[in-house]
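Structure file input23.pdb with PDB, C-alpha atoms and all ligand atoms:
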```pdb
ATOM      1  CA  MET A  15       0.000   0.000   0.000
ATOM      2  CA  TYR A  16       2.964   2.311   0.637
ATOM      3  CA  GLY A  17       3.510   3.239  -3.003
ATOM      4  CA  MET A  18      -0.081   3.061  -4.244
ATOM      5  CA  THR A  19      -1.720   6.046  -5.928
ATOM      6  CA  SER A  20      -4.866   7.584  -4.426
ATOM      7  CA  GLN A  21      -6.929   5.812  -7.088
ATOM      8  CA  ASP A  22      -5.416   2.430  -6.177
ATOM      9  CA  VAL A  23      -5.848   3.073  -2.446
ATOM     10  CA  SER A  24      -9.490   3.968  -3.001
ATOM     11  CA  GLY A  25     -10.075   0.718  -4.916
ATOM     12  CA  PHE A  26      -8.300  -1.278  -2.234
ATOM     13  CA  LEU A  27     -10.284   0.344   0.589
ATOM     14  CA  LYS A  28     -13.540  -0.342  -1.234
ATOM     15  CA  ASP A  29     -12.693  -4.061  -1.389
ATOM     16  CA  PHE A  30     -11.314  -4.109   2.152
ATOM     17  CA  LEU A  31     -14.498  -2.531   3.500
ATOM     18  CA  LEU A  32     -16.526  -5.227   1.796
ATOM     19  CA  PHE A  33     -14.229  -7.890   3.281
ATOM     20  CA  CYS A  34     -14.682  -6.411   6.798
ATOM     21  CA  ARG A  35     -18.467  -6.272   6.505
ATOM     22  CA  THR A  36     -18.657  -9.831   5.200
ATOM     23  CA  LEU A  37     -16.355 -11.173   7.916
ATOM     24  CA  TYR A  38     -18.324  -9.360  10.622
ATOM     25  CA  ARG A  39     -21.649 -10.642   9.280
ATOM     26  CA  ILE A  40     -20.338 -14.229   9.331
ATOM     27  CA  ALA A  41     -18.782 -13.779  12.798
ATOM     28  CA  VAL A  42     -22.071 -12.724  14.389
ATOM     29  CA  THR A  43     -24.157 -15.472  12.799
ATOM     30  CA  PRO A  44     -26.437 -16.502  15.712
ATOM     31  CA  ASN A  45     -25.892 -20.251  15.391
ATOM     32  CA  PRO A  46     -22.999 -20.968  13.009
ATOM     33  CA  CYS A  47     -23.069 -24.752  13.631
ATOM     34  CA  GLN A  48     -26.536 -24.931  12.077
ATOM     35  CA  ASP A  49     -25.560 -23.014   8.951
ATOM     36  CA  GLU A  50     -24.747 -25.427   6.130
ATOM     37  CA  ASN A  51     -22.483 -23.015   4.232
ATOM     38  CA  ILE A  52     -20.505 -22.038   7.335
ATOM     39  CA  CYS A  53     -20.037 -25.718   8.281
ATOM     40  CA  LYS A  54     -18.757 -26.448   4.780
ATOM     41  CA  LEU A  55     -16.463 -23.412   4.753
ATOM     42  CA  PHE A  56     -14.909 -24.130   8.172
ATOM     43  CA  SER A  57     -15.005 -27.958   7.968
ATOM     44  CA  ILE A  58     -17.343 -28.286  10.949
ATOM     45  CA  MET A  59     -18.752 -31.835  11.116
ATOM     46  CA  PRO A  60     -21.496 -33.171  13.389
ATOM     47  CA  SER A  61     -20.342 -35.628  16.056
ATOM     48  CA  GLY A  62     -23.318 -36.693  18.142
ATOM     49  CA  LYS A  63     -26.083 -34.593  19.642
ATOM     50  CA  ASN A  64     -24.944 -30.978  20.281
ATOM     51  CA  TYR A  65     -21.312 -31.893  19.566
ATOM     52  CA  PHE A  66     -19.149 -31.155  16.539
ATOM     53  CA  LEU A  67     -15.827 -32.373  15.162
ATOM     54  CA  LEU A  68     -13.055 -30.005  14.045
ATOM     55  CA  PRO A  69     -10.445 -31.722  11.820
ATOM     56  CA  PRO A  70      -6.790 -30.878  12.662
ATOM     57  CA  GLY A  71      -5.165 -28.132  10.610
ATOM     58  CA  THR A  72      -8.411 -26.221  10.007
ATOM     59  CA  PHE A  73      -8.777 -22.552  10.969
ATOM     60  CA  LEU A  74     -11.091 -23.199  13.920
ATOM     61  CA  TYR A  75      -9.027 -26.136  15.198
ATOM     62  CA  ASN A  76      -5.910 -23.980  15.239
ATOM     63  CA  GLU A  77      -7.708 -21.015  16.778
ATOM     64  CA  LEU A  78      -9.376 -23.043  19.526
ATOM     65  CA  ALA A  79      -6.435 -25.351  20.205
ATOM     66  CA  GLY A  80      -5.320 -22.952  22.947
ATOM     67  CA  THR A  81      -8.569 -23.588  24.797
ATOM     68  CA  LEU A  82      -7.766 -27.267  25.248
ATOM     69  CA  ALA A  83     -10.309 -27.719  28.025
ATOM     70  CA  LEU A  84     -13.045 -27.137  25.483
ATOM     71  CA  LEU A  85     -11.780 -29.740  23.028
ATOM     72  CA  VAL A  86     -11.867 -33.530  23.322
ATOM     73  CA  PRO A  87      -9.283 -34.942  20.898
ATOM     74  CA  ASN A  88      -9.759 -38.193  18.964
ATOM     75  CA  GLU A  89      -8.084 -39.740  15.910
ATOM     76  CA  HIS A  90     -10.127 -37.533  13.475
ATOM     77  CA  GLY A  91      -9.677 -34.171  15.201
ATOM     78  CA  ALA A  92     -11.269 -32.580  18.259
ATOM     79  CA  VAL A  93     -14.860 -32.702  19.499
ATOM     80  CA  ILE A  94     -16.394 -29.534  20.900
ATOM     81  CA  SER A  95     -19.852 -28.702  22.233
ATOM     82  CA  GLU A  96     -22.179 -26.543  20.152
ATOM     83  CA  TRP A  97     -22.187 -23.735  22.736
ATOM     84  CA  ASP A  98     -18.386 -23.615  23.056
ATOM     85  CA  LEU A  99     -17.974 -23.786  19.299
ATOM     86  CA  SER A 100     -20.416 -20.915  18.732
ATOM     87  CA  GLN A 101     -18.597 -18.741  21.272
ATOM     88  CA  GLY A 102     -15.157 -19.703  19.954
ATOM     89  CA  PHE A 103     -16.251 -19.143  16.349
ATOM     90  CA  LYS A 104     -17.419 -15.608  17.049
ATOM     91  CA  ARG A 105     -14.365 -14.749  19.143
ATOM     92  CA  SER A 106     -11.892 -16.158  16.594
ATOM     93  CA  LEU A 107     -13.409 -14.343  13.638
ATOM     94  CA  LEU A 108     -13.742 -11.022  15.461
ATOM     95  CA  ASN A 109     -10.130 -11.249  16.644
ATOM     96  CA  ARG A 110      -9.090 -11.937  13.061
ATOM     97  CA  LEU A 111     -11.137  -8.933  11.908
ATOM     98  CA  LYS A 112      -9.472  -6.727  14.506
ATOM     99  CA  ALA A 113      -5.991  -7.944  13.512
ATOM    100  CA  ARG A 114      -6.690  -7.273   9.830
ATOM    101  CA  ILE A 115      -8.069  -3.769  10.488
ATOM    102  CA  THR A 116      -5.175  -2.922  12.811
ATOM    103  CA  GLY A 117      -2.675  -4.030  10.147
ATOM    104  CA  GLU A 118      -4.531  -2.102   7.444
ATOM    105  CA  ASN A 119      -4.703   0.997   9.658
ATOM    106  CA  ASP A 120      -0.945   0.920  10.293
ATOM    107  CA  ALA A 121      -0.291   0.479   6.553
ATOM    108  CA  CYS A 122      -2.591   3.406   5.682
ATOM    109  CA  LYS A 123      -0.818   5.701   8.154
ATOM    110  CA  GLN A 124       2.420   5.076   6.227
ATOM    111  CA  ALA A 125       0.848   5.114   2.747
ATOM    112  CA  ARG A 126       2.172   7.895   0.557
ATOM    113  CA  ALA A 127      -1.264   8.601  -0.915
ATOM    114  CA  PHE A 128      -2.331   9.983   2.476
ATOM    115  CA  ASN A 129       0.843  12.055   2.866
ATOM    116  CA  PRO A 130       1.735  14.381  -0.036
ATOM    117  CA  CYS A 131       5.144  16.041   0.242
ATOM    118  CA  LEU A 132       4.671  19.798   0.750
ATOM    119  CA  PRO A 133       8.305  20.856   0.052
ATOM    120  CA  PHE A 134       8.162  19.005  -3.300
ATOM    121  CA  ILE A 135       5.033  20.936  -4.317
ATOM    122  CA  ILE A 136       6.252  24.311  -3.000
ATOM    123  CA  ASN A 137       9.686  23.969  -4.638
ATOM    124  CA  ASN A 138       8.244  22.991  -8.035
ATOM    125  CA  GLY A 139       9.382  19.380  -8.006
ATOM    126  CA  HIS A 140      12.370  19.459  -5.651
ATOM    127  CA  CYS A 141      12.643  17.755  -2.296
ATOM    128  CA  ASN A 142      15.940  17.557  -0.438
ATOM    129  CA  ARG A 143      14.807  14.947   2.043
ATOM    130  CA  LYS A 144      16.739  11.724   1.633
ATOM    131  CA  SER A 145      14.425   8.758   0.972
ATOM    132  CA  CYS A 146      11.410  11.035   1.457
ATOM    133  CA  PRO A 147       8.503   8.867   2.674
ATOM    134  CA  ASN A 148       5.864  11.274   1.338
ATOM    135  CA  GLU A 149       4.237  11.304  -2.084
ATOM    136  CA  HIS A 150       5.887  13.465  -4.740
ATOM    137  CA  LEU A 151       3.148  14.860  -6.934
ATOM    138  CA  GLY A 152       3.611  17.029 -10.005
ATOM    139  CA  THR A 153       1.455  20.123 -10.443
ATOM    140  CA  ALA A 154      -0.459  18.402 -13.243
ATOM    141  CA  SER A 155      -1.650  15.703 -10.814
ATOM    142  CA  LEU A 156      -3.152  18.196  -8.371
ATOM    143  CA  GLY A 157      -6.580  18.804  -9.796
ATOM    144  CA  GLN A 158     -10.123  18.765  -8.525
ATOM    145  CA  ASN A 159     -10.308  14.990  -9.118
ATOM    146  CA  TRP A 160      -7.243  14.383  -6.947
ATOM    147  CA  PHE A 161      -8.690  16.589  -4.178
ATOM    148  CA  GLN A 162     -12.021  14.715  -4.276
ATOM    149  CA  LEU A 163     -10.154  11.399  -4.227
ATOM    150  CA  ARG A 164      -8.042  12.484  -1.278
ATOM    151  CA  ILE A 165     -11.163  13.285   0.766
ATOM    152  CA  ARG A 166     -12.767  10.061  -0.408
ATOM    153  CA  ILE A 167      -9.956   7.791   0.820
ATOM    154  CA  HIS A 168     -10.147   9.507   4.201
ATOM    155  CA  LEU A 169     -13.885   8.889   4.443
ATOM    156  CA  GLN A 170     -13.339   5.268   3.380
ATOM    157  CA  GLN A 171     -10.751   4.891   6.132
ATOM    158  CA  ILE A 172     -13.188   6.461   8.649
ATOM    159  CA  LEU A 173     -15.598   3.631   7.742
ATOM    160  CA  VAL A 174     -12.883   0.962   8.046
ATOM    161  CA  ILE A 175     -11.779   1.918  11.573
ATOM    162  CA  GLN A 176     -15.403   1.782  12.684
ATOM    163  CA  GLY A 177     -14.851  -1.993  12.525
ATOM    164  CA  LEU A 178     -12.518  -1.759  15.550
ATOM    165  CA  ARG A 179     -15.557  -1.006  17.708
ATOM    166  CA  MET A 180     -17.235  -4.250  16.656
ATOM    167  CA  VAL A 181     -14.671  -6.386  18.449
ATOM    168  CA  PRO A 182     -15.321  -7.143  22.135
ATOM    169  CA  ILE A 183     -12.850  -5.802  24.654
ATOM    170  CA  ASN A 184     -10.545  -8.636  25.654
ATOM    171  CA  PRO A 185     -13.152 -11.424  25.784
ATOM    172  CA  ASN A 186     -10.878 -13.535  27.996
ATOM    173  CA  GLU A 187     -10.846 -10.846  30.656
ATOM    174  CA  ARG A 188     -12.574 -12.332  33.673
ATOM    175  CA  VAL A 189     -11.153 -10.180  36.457
ATOM    176  CA  LYS A 190     -13.811  -7.641  37.360
ATOM    177  CA  GLN A 191     -11.484  -5.101  38.965
ATOM    178  CA  TYR A 192      -9.547  -4.771  35.696
ATOM    179  CA  ARG A 193     -12.600  -4.456  33.512
ATOM    180  CA  TYR A 194     -12.970  -0.683  33.890
ATOM    181  CA  ALA A 195      -9.259  -0.176  33.144
ATOM    182  CA  SER A 196      -9.655  -2.402  30.056
ATOM    183  CA  TYR A 197     -12.521  -0.231  28.819
ATOM    184  CA  CYS A 198     -10.517   2.966  29.392
ATOM    185  CA  TYR A 199      -7.493   1.516  27.602
ATOM    186  CA  PHE A 200      -9.668   0.269  24.736
ATOM    187  CA  PHE A 201     -11.260   3.717  24.210
ATOM    188  CA  LEU A 202      -7.928   5.464  24.635
ATOM    189  CA  LEU A 203      -6.515   3.438  21.726
ATOM    190  CA  LEU A 204      -9.612   4.185  19.683
ATOM    191  CA  LEU A 205      -9.343   7.905  20.391
ATOM    192  CA  ILE A 206      -5.686   7.909  19.321
ATOM    193  CA  THR A 207      -6.787   6.363  16.008
ATOM    194  CA  TYR A 208      -9.688   8.832  15.650
ATOM    195  CA  ARG A 209      -7.408  11.780  16.364
ATOM    196  CA  HIS A 210      -4.892  10.633  13.757
ATOM    197  CA  TRP A 211      -7.478  10.374  10.973
ATOM    198  CA  ILE A 212      -9.327  13.561  11.951
ATOM    199  CA  SER A 213      -5.993  15.385  11.817
ATOM    200  CA  SER A 214      -5.192  13.854   8.422
ATOM    201  CA  LEU A 215      -8.664  14.705   7.088
ATOM    202  CA  PHE A 216      -8.319  18.234   8.459
ATOM    203  CA  ASP A 217      -5.021  18.671   6.555
ATOM    204  CA  SER A 218      -6.803  17.466   3.415
ATOM    205  CA  LEU A 219      -9.889  19.645   3.836
ATOM    206  CA  PHE A 220      -7.975  22.759   4.869
ATOM    207  CA  PRO A 221      -4.564  22.391   3.180
ATOM    208  CA  PRO A 222      -1.886  25.084   3.594
ATOM    209  CA  LEU A 223      -1.613  25.526  -0.181
ATOM    210  CA  LEU A 224      -4.396  26.373  -2.608
ATOM    211  CA  ARG A 225      -2.793  23.988  -5.098
ATOM    212  CA  LEU A 226      -3.784  21.123  -2.785
ATOM    213  CA  GLY A 227      -7.464  22.010  -3.151
ATOM    214  CA  HIS A 228      -9.981  23.954  -1.116
ATOM    215  CA  PHE A 229     -12.921  22.786   0.954
ATOM    216  CA  ALA A 230     -15.156  25.299  -0.809
ATOM    217  CA  ASN A 231     -14.683  23.236  -3.985
ATOM    218  CA  LEU A 232     -15.535  19.923  -2.374
ATOM    219  CA  ASP A 233     -18.542  18.220  -3.906
ATOM    220  CA  ILE A 234     -19.437  15.746  -1.195
ATOM    221  CA  THR A 235     -22.340  14.346  -3.238
ATOM    222  CA  THR A 236     -19.906  12.666  -5.639
ATOM    223  CA  ILE A 237     -18.321  10.575  -2.849
ATOM    224  CA  PRO A 238     -20.336   7.341  -2.533
ATOM    225  CA  GLU A 239     -19.154   6.626   1.020
ATOM    226  CA  ALA A 240     -20.050  10.102   2.344
ATOM    227  CA  PRO A 241     -23.660   9.404   3.510
ATOM    228  CA  LYS A 242     -22.410   6.631   5.813
ATOM    229  CA  ALA A 243     -19.051   8.119   6.743
ATOM    230  CA  LEU A 244     -20.142  11.634   7.758
ATOM    231  CA  PRO A 245     -22.387  10.610  10.686
ATOM    232  CA  ILE A 246     -19.592   8.297  11.888
ATOM    233  CA  LEU A 247     -17.058  11.118  11.569
ATOM    234  CA  GLU A 248     -19.383  13.319  13.600
ATOM    235  CA  SER A 249     -19.634  10.624  16.279
ATOM    236  CA  TYR A 250     -15.805  10.413  16.461
ATOM    237  CA  CYS A 251     -15.659  14.191  16.933
ATOM    238  CA  LYS A 252     -18.258  13.984  19.714
ATOM    239  CA  GLU A 253     -16.341  11.209  21.444
ATOM    240  CA  ILE A 254     -13.218  13.363  21.480
ATOM    241  CA  LEU A 255     -15.188  16.333  22.801
ATOM    242  CA  PHE A 256     -16.964  14.292  25.481
ATOM    243  CA  TRP A 257     -14.134  11.957  26.579
ATOM    244  CA  ARG A 258     -13.325  12.745  30.219
ATOM    245  CA  GLN A 259      -9.947  11.056  30.441
ATOM    246  CA  HIS A 260      -7.855  13.371  28.213
ATOM    247  CA  ILE A 261      -4.408  14.126  29.566
ATOM    248  CA  THR A 262      -4.331  17.800  30.520
ATOM    249  CA  ARG A 263      -0.681  18.172  29.568
ATOM    250  CA  ASP A 264      -1.149  16.625  26.124
ATOM    251  CA  PRO A 265       0.617  19.222  23.920
ATOM    252  CA  LYS A 266      -1.586  18.402  20.915
ATOM    253  CA  LEU A 267      -4.914  18.610  22.747
ATOM    254  CA  LEU A 268      -5.705  22.197  21.742
ATOM    255  CA  THR A 269      -4.756  21.409  18.128
ATOM    256  CA  THR A 270      -7.096  18.418  18.177
ATOM    257  CA  ALA A 271      -9.877  20.578  19.661
ATOM    258  CA  TYR A 272      -9.365  23.168  16.921
ATOM    259  CA  GLN A 273      -9.415  20.522  14.171
ATOM    260  CA  VAL A 274     -12.516  18.836  15.593
ATOM    261  CA  VAL A 275     -14.385  22.142  15.913
ATOM    262  CA  ARG A 276     -13.580  23.168  12.342
ATOM    263  CA  ILE A 277     -14.648  19.804  10.936
ATOM    264  CA  VAL A 278     -17.850  19.775  12.986
ATOM    265  CA  PHE A 279     -18.656  23.316  11.869
ATOM    266  CA  TYR A 280     -17.931  22.458   8.266
ATOM    267  CA  PHE A 281     -20.506  19.676   8.246
ATOM    268  CA  ASN A 282     -22.909  20.839  10.970
ATOM    269  CA  ARG A 283     -22.444  24.470  11.884
ATOM    270  CA  LEU A 284     -25.010  25.968  14.234
ATOM    271  CA  GLN A 285     -26.461  22.880  15.882
ATOM    272  CA  ALA A 286     -23.102  21.858  17.330
ATOM    273  CA  LEU A 287     -22.176  25.190  18.946
ATOM    274  CA  PRO A 288     -23.836  24.791  22.405
ATOM    275  CA  SER A 289     -22.647  21.203  22.863
ATOM    276  CA  ILE A 290     -19.049  22.148  21.992
ATOM    277  CA  ILE A 291     -19.050  25.008  24.509
ATOM    278  CA  ARG A 292     -20.415  22.708  27.246
ATOM    279  CA  SER A 293     -18.229  19.719  26.352
ATOM    280  CA  PRO A 294     -15.873  18.104  28.899
ATOM    281  CA  LEU A 295     -12.923  18.893  26.605
ATOM    282  CA  SER A 296     -13.795  22.592  26.768
ATOM    283  CA  ASP A 297     -14.078  22.351  30.573
ATOM    284  CA  LEU A 298     -10.762  20.531  30.739
ATOM    285  CA  LEU A 299      -8.916  23.132  28.682
ATOM    286  CA  ARG A 300     -10.197  25.829  31.066
ATOM    287  CA  THR A 301      -8.100  24.218  33.784
ATOM    288  CA  VAL A 302      -4.855  24.572  31.796
ATOM    289  CA  PRO A 303      -3.192  27.905  32.731
ATOM    290  CA  GLU A 304      -1.520  28.213  29.290
ATOM    291  CA  TYR A 305      -4.936  28.293  27.590
ATOM    292  CA  SER A 306      -6.367  31.222  29.528
ATOM    293  CA  ARG A 307      -5.473  34.867  30.148
ATOM    294  CA  LYS A 308      -6.576  37.189  32.908
ATOM    295  CA  GLU A 309      -8.409  40.269  31.627
ATOM    296  CA  GLY A 310      -9.035  42.524  34.628
ATOM    297  CA  SER A 311     -11.031  40.474  37.108
ATOM    298  CA  ASN A 312     -12.154  37.935  34.468
ATOM    299  CA  PHE A 313     -10.464  35.008  32.780
ATOM    300  CA  ASN A 314     -10.405  34.801  29.002
ATOM    301  CA  PHE A 315     -10.464  31.106  28.013
ATOM    302  CA  ILE A 316      -9.088  30.315  24.585
ATOM    303  CA  LEU A 317     -11.349  27.503  23.386
ATOM    304  CA  PRO A 318     -14.798  29.111  23.872
ATOM    305  CA  ARG A 319     -13.526  32.310  22.196
ATOM    306  CA  LEU A 320     -12.076  30.258  19.353
ATOM    307  CA  VAL A 321     -15.333  28.350  18.913
ATOM    308  CA  TYR A 322     -17.424  31.537  18.666
ATOM    309  CA  ALA A 323     -14.886  33.012  16.229
ATOM    310  CA  LEU A 324     -14.975  29.893  14.015
ATOM    311  CA  ALA A 325     -18.788  29.707  14.156
ATOM    312  CA  GLY A 326     -18.906  33.185  12.655
ATOM    313  CA  ASN A 327     -22.647  33.485  13.197
ATOM    314  CA  GLN A 328     -22.571  36.340  15.707
ATOM    315  CA  ILE A 329     -21.188  39.858  15.566
ATOM    316  CA  GLN A 330     -19.116  39.102  18.696
ATOM    317  CA  GLY A 331     -17.237  36.490  16.643
ATOM    318  CA  ILE A 332     -14.648  39.097  15.573
ATOM    319  CA  ASP A 333     -13.959  40.124  19.184
ATOM    320  CA  CYS A 334     -13.758  36.464  20.178
ATOM    321  CA  GLY A 335     -11.214  35.801  17.429
ATOM    322  CA  ILE A 336      -9.003  38.661  18.666
ATOM    323  CA  LEU A 337      -9.317  37.555  22.306
ATOM    324  CA  SER A 338      -8.469  33.940  21.453
ATOM    325  CA  LEU A 339      -5.349  35.129  19.588
ATOM    326  CA  LYS A 340      -4.328  37.182  22.648
ATOM    327  CA  CYS A 341      -4.256  33.929  24.622
ATOM    328  CA  VAL A 342      -1.626  32.453  22.325
TER     329      VAL A 342
HETATM  330 ZN    ZN B   1       9.612  14.793  -0.294
END
```

Can the structure from this file be put into structure tokens for me?
Ligand SMILES: [Zn+2]
Amino acid sequence: MYGMTSQDVSGFLKDFLLFCRTLYRIAVTPNPCQDENICKLFSIMPSGKNYFLLPPGTFLYNELAGTLALLVPNEHGAVISEWDLSQGFKRSLLNRLKARITGENDACKQARAFNPCLPFIINNGHCNRKSCPNEHLGTASLGQNWFQLRIRIHLQQILVIQGLRMVPINPNERVKQYRYASYCYFFLLLLITYRHWISSLFDSLFPPLLRLGHFANLDITTIPEAPKALPILESYCKEILFWRQHITRDPKLLTTAYQVVRIVFYFNRLQALPSIIRSPLSDLLRTVPEYSRKEGSNFNFILPRLVYALAGNQIQGIDCGILSLKCV
């Protein structure tokens, strides 16, 4: 994927999304042992009432071999109860789905199609970075089609990482006192992924150079994935705004807040304003001394001022913009 063009990445993500949906649909089949096609596909054979045989070397045999207590070996393979097989089937397939999405996500982060080289574009085809990992694009490649495609692959990736939520949190975790920590850790990893792709989408929607496109020219109706991806993107933004476990000293937290607010406003301007102002992230940033400034007897907090300035729907927005800049 590293050297693929945006067009190739888009085609790959389309197929990968279909693979993820199909795998998930099979994984959550209510009673896989009673499904003829699933039994044929995974070599599940009946072995007495409510028991099934898994031949050695098959996917399920290998996956469930670690849970030896559940398997009774004989000369043809291992016998497992219907209940244990159903649970193991779902767990094995969802773990496989998670591993595939995690691998794909790591590959996409490195893919050149998501990371155009700015010095190469600014310097008219020259980049002094040795073994530059970013994509070198000629001016002729940077058209409206490329810009649309760049937004599209981001929205496709937003849909792909949604699959990470479908996988249960450590299904083998039985210790109750660790369960809350597991949930926090699980959502922390998700938020790191969300923040990465929101930042990347932000750079694509609001690039530093006009040659890289402009959000005003985006025709979202031509992106087939947009109707599904935009509500999910909005939910990621809300989760960042309403997550209560952000690290106060995270140096990129204000940048993330700014990117989230601009993206939310771009797709859903006025409705989001009150909830952003009252969000836990906004409250949290009020507690950071670097993000506030004393004006007489009052405190001027940077994020609320910034939000009103970006909303641009009130006359006070200009004052708010100036006050937020004074905090910097
Ligand atoms: Zn470069």

inquiry  = Hey, which residues sit close to ligand ZN 1 (chain B)? Say within 7 Å, counting only C-alpha atoms and all ligand atoms, and write them as a ChimeraX atom specification.
reply    = /A:131,133-134,141-143,146-150

message = Residues near Leu244 of chain A, anyone? I mean within 9 Å using all atoms listed in the file, not counting same-chain ones fewer than 3 positions away, as an MDAnalysis selection string.
response = chainID A and resid 169 172 239:241 247:249 281

query = Which residue gives the smallest distance to Asn282 of chain A among A:Ala325, A:Lys104, A:Thr262, A:Pro318, with only C-alpha atoms counted?
reply = A:Ala325

query = Between A:Thr207, A:Ser20, A:Asn231, A:Thr269, which has the minimum distance to Arg126 of chain A (counting all atoms listed in the file)?
reply =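 Checking each candidate against Arg126 of chain A, we get A:Ser20 as the closest.
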
task = Extract, using all atoms listed in the file, all DNA, RNA and protein residues at most 8 Å from segment 50-65 of chain A, discarding same-chain residues fewer than 3 positions from it, and format them as a VMD selection string.
result = chain A and resid 46 to 47 68 to 69 72 to 74 93 to 96

Local residues around (-7.2, 6.8, -4.1), at most 12 Å away, using only C-alpha atoms, as a PyMOL selection string = chain A and resi 15+17-28+122+125-129+159-171+237

Export of the given selection (C-alpha atoms) as a compact mmCIF listing (two decimals), in the coordinates of the input:
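Result saved to part_34.txt:
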```txt
# COMPACT_ATOMS: atom_id res chain seq x y z
CA MET A 15 0.00 0.00 0.00
CA GLY A 17 3.51 3.24 -3.00
CA MET A 18 -0.08 3.06 -4.24
CA THR A 19 -1.72 6.05 -5.93
CA SER A 20 -4.87 7.58 -4.43
CA GLN A 21 -6.93 5.81 -7.09
CA ASP A 22 -5.42 2.43 -6.18
CA VAL A 23 -5.85 3.07 -2.45
CA SER A 24 -9.49 3.97 -3.00
CA GLY A 25 -10.07 0.72 -4.92
CA PHE A 26 -8.30 -1.28 -2.23
CA LEU A 27 -10.28 0.34 0.59
CA LYS A 28 -13.54 -0.34 -1.23
CA CYS A 122 -2.59 3.41 5.68
CA ALA A 125 0.85 5.11 2.75
CA ARG A 126 2.17 7.90 0.56
CA ALA A 127 -1.26 8.60 -0.92
CA PHE A 128 -2.33 9.98 2.48
CA ASN A 129 0.84 12.06 2.87
CA ASN A 159 -10.31 14.99 -9.12
CA TRP A 160 -7.24 14.38 -6.95
CA PHE A 161 -8.69 16.59 -4.18
CA GLN A 162 -12.02 14.72 -4.28
CA LEU A 163 -10.15 11.40 -4.23
CA ARG A 164 -8.04 12.48 -1.28
CA ILE A 165 -11.16 13.28 0.77
CA ARG A 166 -12.77 10.06 -0.41
CA ILE A 167 -9.96 7.79 0.82
CA HIS A 168 -10.15 9.51 4.20
CA LEU A 169 -13.88 8.89 4.44
CA GLN A 170 -13.34 5.27 3.38
CA GLN A 171 -10.75 4.89 6.13
CA ILE A 237 -18.32 10.58 -2.85
```

request  = Record the distance separating atom CA of Leu99 of chain A and atom CA of Phe201 of chain A, expressed in Å with one decimal.
outcome  =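 Atom-to-atom, atom CA of Leu99 of chain A and atom CA of Phe201 of chain A are spaced 28.7 Å apart.
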